[in-house]
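For reference, the structure discussed in these notes is given below.
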Amino acid sequence: MTYSDMGLVNTKQMFADAITGGYAIPAFNFYNMETLTAILDAARLANSPVILAVSESALKYMGDDMLIGMMRGANINTKNQVALHLDHGGSFEACKHAIELGFSSVMIDASKLPFDENIKLSQQVAEFAHKHNVSVEAELGTLAGIEDENTFGETSSYTNPGDVEKFVNATDIDSLAIAIGTSHGAYKRKSDNEELRFDILADVAQRLPGFPLVLHGASNIPQKLVTTINEFGGKMSGTRGIDTIQLRRATKMNICKINVDSDLRLGFTAAVRKSLSENPSNFNPRDYLNRARQTMTQICLDEIKDIMGSENKL
Ligand code: G3H
Ligand code: 13P
Ligand code: ZN
């Protein structure tokens, strides 16, 4: 099965349009039917292109056949501009597997390897992917928080702008994820007024004119979702995300893909906690899962409009 058989597209055209238009394509992570349909519903309602991101662990959770079954069942049309993307592929084999399964885009995350090894592995993935017309994202610099959701990012090391031209030319990748102060998870910053390193972003964008850049760990972490979680039995404190204004600013500087996973996790959890708490005798999962789905659709819609700027860009 090829990705076009499932109505999917790679990211080439959507990124070219996003760079010219000064907006970002949303990349939302999914891992089950509710998250998948919430994202697709929002993209359709907003008339926005969208990237459906699946991590290696999410793929393992769903299983190959179930994922492909859901993608087919979603009845996607190429006009909708939907890409299926492997998020944080950790090896050549993981990327090859995803490509052969029907992904239209893969990320090879070799950012923790020495520079030359990162180049070698990213180049190897790009060569294989391009034979299948699949887009490739790679990363320079590292973000904290992927393994430990409670870190604040002390271990992040920013992208060195001096490396980017050599890396992109040597690898032939289609987009580059950079580290400018974002981090994965719900505990991203030490204080509210911390700024992303726009100086690094500006330098990278100047060295790679018109080249698609990607921001990971970019969830906004809406406080109202955390408040709902805590109001209904949860326990989260010290959460902090990346604010809307900074993300919007980044979309004007060649950031044309913004990755969001944690916001939907918070929305899902808040809605389920609230629904179960308010209806203690209910034991029908379709009721609370549907609340979760509606909440996630609204989060995606809000972010498409306020952060990505990709509304009505189809
Ligand atoms: O960037 C990482 C994503 O949030 C995926 O996390 O491996 O727990 O699915 P996961
Ligand atoms: P968040 O944890 O900020 O949602 O980041 C998601 C991400 O980068 C997925 O690759
Ligand atoms: Zn990420």
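Residues are named by chain letter and number: chains run A, B, ... in the order of the structure tokens, numbers start at 1 in each chain, and ligands are numbered from 1 in the order shown.
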Requested in this report: May I ask you to write as an MDAnalysis selection string all residues lying at most 12 Å from ligand 3, with only C-alpha atoms and all ligand atoms counted?
Outcome: chainID A and resid 27:29 53:56 85:90 107:109 111 137:139 142:147 177:179 182:185 214:219 257:262
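Residues in contact with Ser237 of chain A at up to 12 Å, not including ones fewer than 5 positions away on its chain and judged by only C-alpha atoms, are Asn150, Ala186, Tyr187, Ile221, Gln223, Val226, Thr227, Ile229 and Asn230 of chain A.
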Requested in this report: Write down as a list in words the residues belonging to segment 91-272 of chain A that are assigned strand (DSSP E or B) by DSSP computed on the backbone.
Outcome: Ser105, Val106, Met107, Ile108, Ser135, Val136, Glu137, Ala138, Glu139, Leu140, Thr142, Ser157, Ser175, Leu176, Ala177, Ile178, Tyr187, Leu213, Val214, Leu215, Arg240, Ile255, Cys256, Lys257, Ile258, Asn259 and Val260 of chain A
Requested write-out: N, CA and C atoms of the selected residues, as an mmCIF file, in the first residue's frame:
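That gives us selection.cif:
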data_model
loop_
_atom_site.group_PDB
_atom_site.id
_atom_site.type_symbol
_atom_site.label_atom_id
_atom_site.label_comp_id
_atom_site.auth_asym_id
_atom_site.auth_seq_id
_atom_site.Cartn_x
_atom_site.Cartn_y
_atom_site.Cartn_z
ATOM 1 N N SER A 105 5.964 10.767 5.151
ATOM 2 C CA SER A 105 7.007 11.628 5.692
ATOM 3 C C SER A 105 7.622 10.937 6.908
ATOM 4 N N VAL A 106 8.933 11.087 7.068
ATOM 5 C CA VAL A 106 9.569 10.498 8.262
ATOM 6 C C VAL A 106 10.549 11.495 8.863
ATOM 7 N N MET A 107 10.708 11.392 10.173
ATOM 8 C CA MET A 107 11.788 12.123 10.838
ATOM 9 C C MET A 107 12.844 11.109 11.267
ATOM 10 N N ILE A 108 14.089 11.386 10.900
ATOM 11 C CA ILE A 108 15.183 10.607 11.475
ATOM 12 C C ILE A 108 15.797 11.486 12.559
ATOM 13 N N SER A 135 8.947 12.497 2.245
ATOM 14 C CA SER A 135 9.721 13.634 2.778
ATOM 15 C C SER A 135 10.500 13.224 4.028
ATOM 16 N N VAL A 136 11.611 13.929 4.254
ATOM 17 C CA VAL A 136 12.464 13.594 5.397
ATOM 18 C C VAL A 136 12.788 14.835 6.230
ATOM 19 N N GLU A 137 12.591 14.680 7.537
ATOM 20 C CA GLU A 137 12.988 15.714 8.501
ATOM 21 C C GLU A 137 14.135 15.141 9.343
ATOM 22 N N ALA A 138 15.120 15.965 9.623
ATOM 23 C CA ALA A 138 16.182 15.560 10.545
ATOM 24 C C ALA A 138 16.370 16.678 11.561
ATOM 25 N N GLU A 139 17.221 16.454 12.539
ATOM 26 C CA GLU A 139 17.338 17.441 13.626
ATOM 27 C C GLU A 139 18.792 17.760 13.955
ATOM 28 N N LEU A 140 19.026 19.020 14.262
ATOM 29 C CA LEU A 140 20.326 19.474 14.769
ATOM 30 C C LEU A 140 20.103 20.202 16.088
ATOM 31 N N THR A 142 19.640 19.496 20.471
ATOM 32 C CA THR A 142 18.773 18.535 21.169
ATOM 33 C C THR A 142 17.808 19.235 22.113
ATOM 34 N N SER A 157 20.670 21.449 24.161
ATOM 35 C CA SER A 157 21.756 22.228 23.583
ATOM 36 C C SER A 157 21.241 22.808 22.276
ATOM 37 N N SER A 175 13.430 19.012 5.469
ATOM 38 C CA SER A 175 13.142 19.994 6.522
ATOM 39 C C SER A 175 14.066 19.715 7.707
ATOM 40 N N LEU A 176 14.281 20.755 8.502
ATOM 41 C CA LEU A 176 15.239 20.646 9.612
ATOM 42 C C LEU A 176 14.587 21.095 10.922
ATOM 43 N N ALA A 177 14.621 20.199 11.911
ATOM 44 C CA ALA A 177 14.152 20.566 13.253
ATOM 45 C C ALA A 177 15.305 21.219 13.994
ATOM 46 N N ILE A 178 15.004 22.329 14.651
ATOM 47 C CA ILE A 178 16.068 23.050 15.359
ATOM 48 C C ILE A 178 15.692 23.230 16.829
ATOM 49 N N TYR A 187 6.289 20.602 31.128
ATOM 50 C CA TYR A 187 7.075 21.423 32.070
ATOM 51 C C TYR A 187 8.253 22.027 31.324
ATOM 52 N N LEU A 213 11.797 24.886 8.283
ATOM 53 C CA LEU A 213 12.301 24.611 9.635
ATOM 54 C C LEU A 213 11.146 24.111 10.513
ATOM 55 N N VAL A 214 11.509 23.333 11.523
ATOM 56 C CA VAL A 214 10.500 22.639 12.337
ATOM 57 C C VAL A 214 10.749 22.918 13.815
ATOM 58 N N LEU A 215 9.636 23.120 14.539
ATOM 59 C CA LEU A 215 9.731 23.334 15.985
ATOM 60 C C LEU A 215 9.073 22.173 16.725
ATOM 61 N N ARG A 240 4.217 24.639 32.275
ATOM 62 C CA ARG A 240 4.421 25.870 31.498
ATOM 63 C C ARG A 240 4.714 25.517 30.050
ATOM 64 N N ILE A 255 9.651 28.827 10.314
ATOM 65 C CA ILE A 255 9.148 27.636 11.026
ATOM 66 C C ILE A 255 7.837 27.272 10.346
ATOM 67 N N CYS A 256 7.839 26.168 9.605
ATOM 68 C CA CYS A 256 6.629 25.844 8.852
ATOM 69 C C CYS A 256 6.008 24.514 9.297
ATOM 70 N N LYS A 257 6.496 23.960 10.411
ATOM 71 C CA LYS A 257 5.840 22.790 11.030
ATOM 72 C C LYS A 257 5.994 22.951 12.532
ATOM 73 N N ILE A 258 4.869 22.922 13.238
ATOM 74 C CA ILE A 258 4.897 23.054 14.694
ATOM 75 C C ILE A 258 4.284 21.787 15.296
ATOM 76 N N ASN A 259 5.073 21.127 16.150
ATOM 77 C CA ASN A 259 4.663 19.831 16.715
ATOM 78 C C ASN A 259 3.937 19.999 18.042
ATOM 79 N N VAL A 260 2.783 19.380 18.138
ATOM 80 C CA VAL A 260 1.982 19.464 19.356
ATOM 81 C C VAL A 260 1.474 18.071 19.735
#
Query raised in the report: segment 164-166 of chain A: which residues within 8 Å, counting only C-alpha atoms, same-chain residues fewer than 6 positions away excluded, as a ChimeraX atom specification?
Result: /A:140,204,207-208
Mind writing the picked residues with N, CA, C and O atoms as a JSON list (two decimals), in the first residue's frame?
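Just written: part-v9.json:
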[["chain", "number", "residue", "atom", "x", "y", "z"],
["A", 140, "LEU", "N", 19.03, 19.02, 14.26],
["A", 140, "LEU", "CA", 20.33, 19.47, 14.77],
["A", 140, "LEU", "C", 20.10, 20.20, 16.09],
["A", 140, "LEU", "O", 19.25, 21.09, 16.17],
["A", 204, "VAL", "N", 19.66, 30.96, 11.50],
["A", 204, "VAL", "CA", 19.44, 29.74, 10.70],
["A", 204, "VAL", "C", 18.62, 30.08, 9.45],
["A", 204, "VAL", "O", 18.96, 29.66, 8.34],
["A", 207, "ARG", "N", 20.67, 31.70, 6.84],
["A", 207, "ARG", "CA", 21.63, 30.81, 6.18],
["A", 207, "ARG", "C", 20.95, 29.81, 5.26],
["A", 207, "ARG", "O", 21.58, 29.25, 4.36],
["A", 208, "LEU", "N", 19.65, 29.54, 5.52],
["A", 208, "LEU", "CA", 18.91, 28.56, 4.71],
["A", 208, "LEU", "C", 17.66, 29.25, 4.14],
["A", 208, "LEU", "O", 16.53, 28.92, 4.53]]
Query raised in the report: Excluding same-chain residues fewer than 3 positions from Arg248 of chain A, what lies within 9 Å of it counting only C-alpha atoms, as a ChimeraX atom specification?
Result: /A:23-24,243-245,251-252,306-309
**Report entry** Polymer residues at most 12 Å from Phe103 of chain A, only C-alpha atoms, same-chain spacing of 4 or more positions, as a ChimeraX atom specification
**Finding:** /A:1-11,51-55,59,64,67-68,71,82-87,89,94-99,107,129,132-136
Requested in this report: Find the spatial neighbours of Phe115 of chain A, counting only C-alpha atoms, within a cut-off of 12 Å - ignore same-chain residues fewer than 2 positions away - and output them as a PyMOL selection string.
Outcome: chain A and resi 110-113+117-122+138-142+159-160+162-164+166-168+170-171
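Restricting the calculation to only C-alpha atoms, the smallest distance between Asp17 of chain A and any of A:Lys313, A:Lys274, A:Lys190, A:Arg72 is found for A:Lys313.
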Query - Backbone DSSP call of alpha helix (DSSP H) for segment 44-264 of chain A, listed as a ChimeraX atom specification - result: /A:44-46,56-62,64-73,92-101,115-131,164-171,198-207,223-231,244-251,262-264
Query raised in the report: Which residue, A:Asn284, A:Ala205, A:Leu264, A:Gly21, has the smallest gap to ligand 1 when you use only C-alpha atoms and all ligand atoms?
Result: A:Leu264
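Pairwise distance (atom CA of Ala46 of chain A, atom CA of Phe198 of chain A) equals 28.5 Å.
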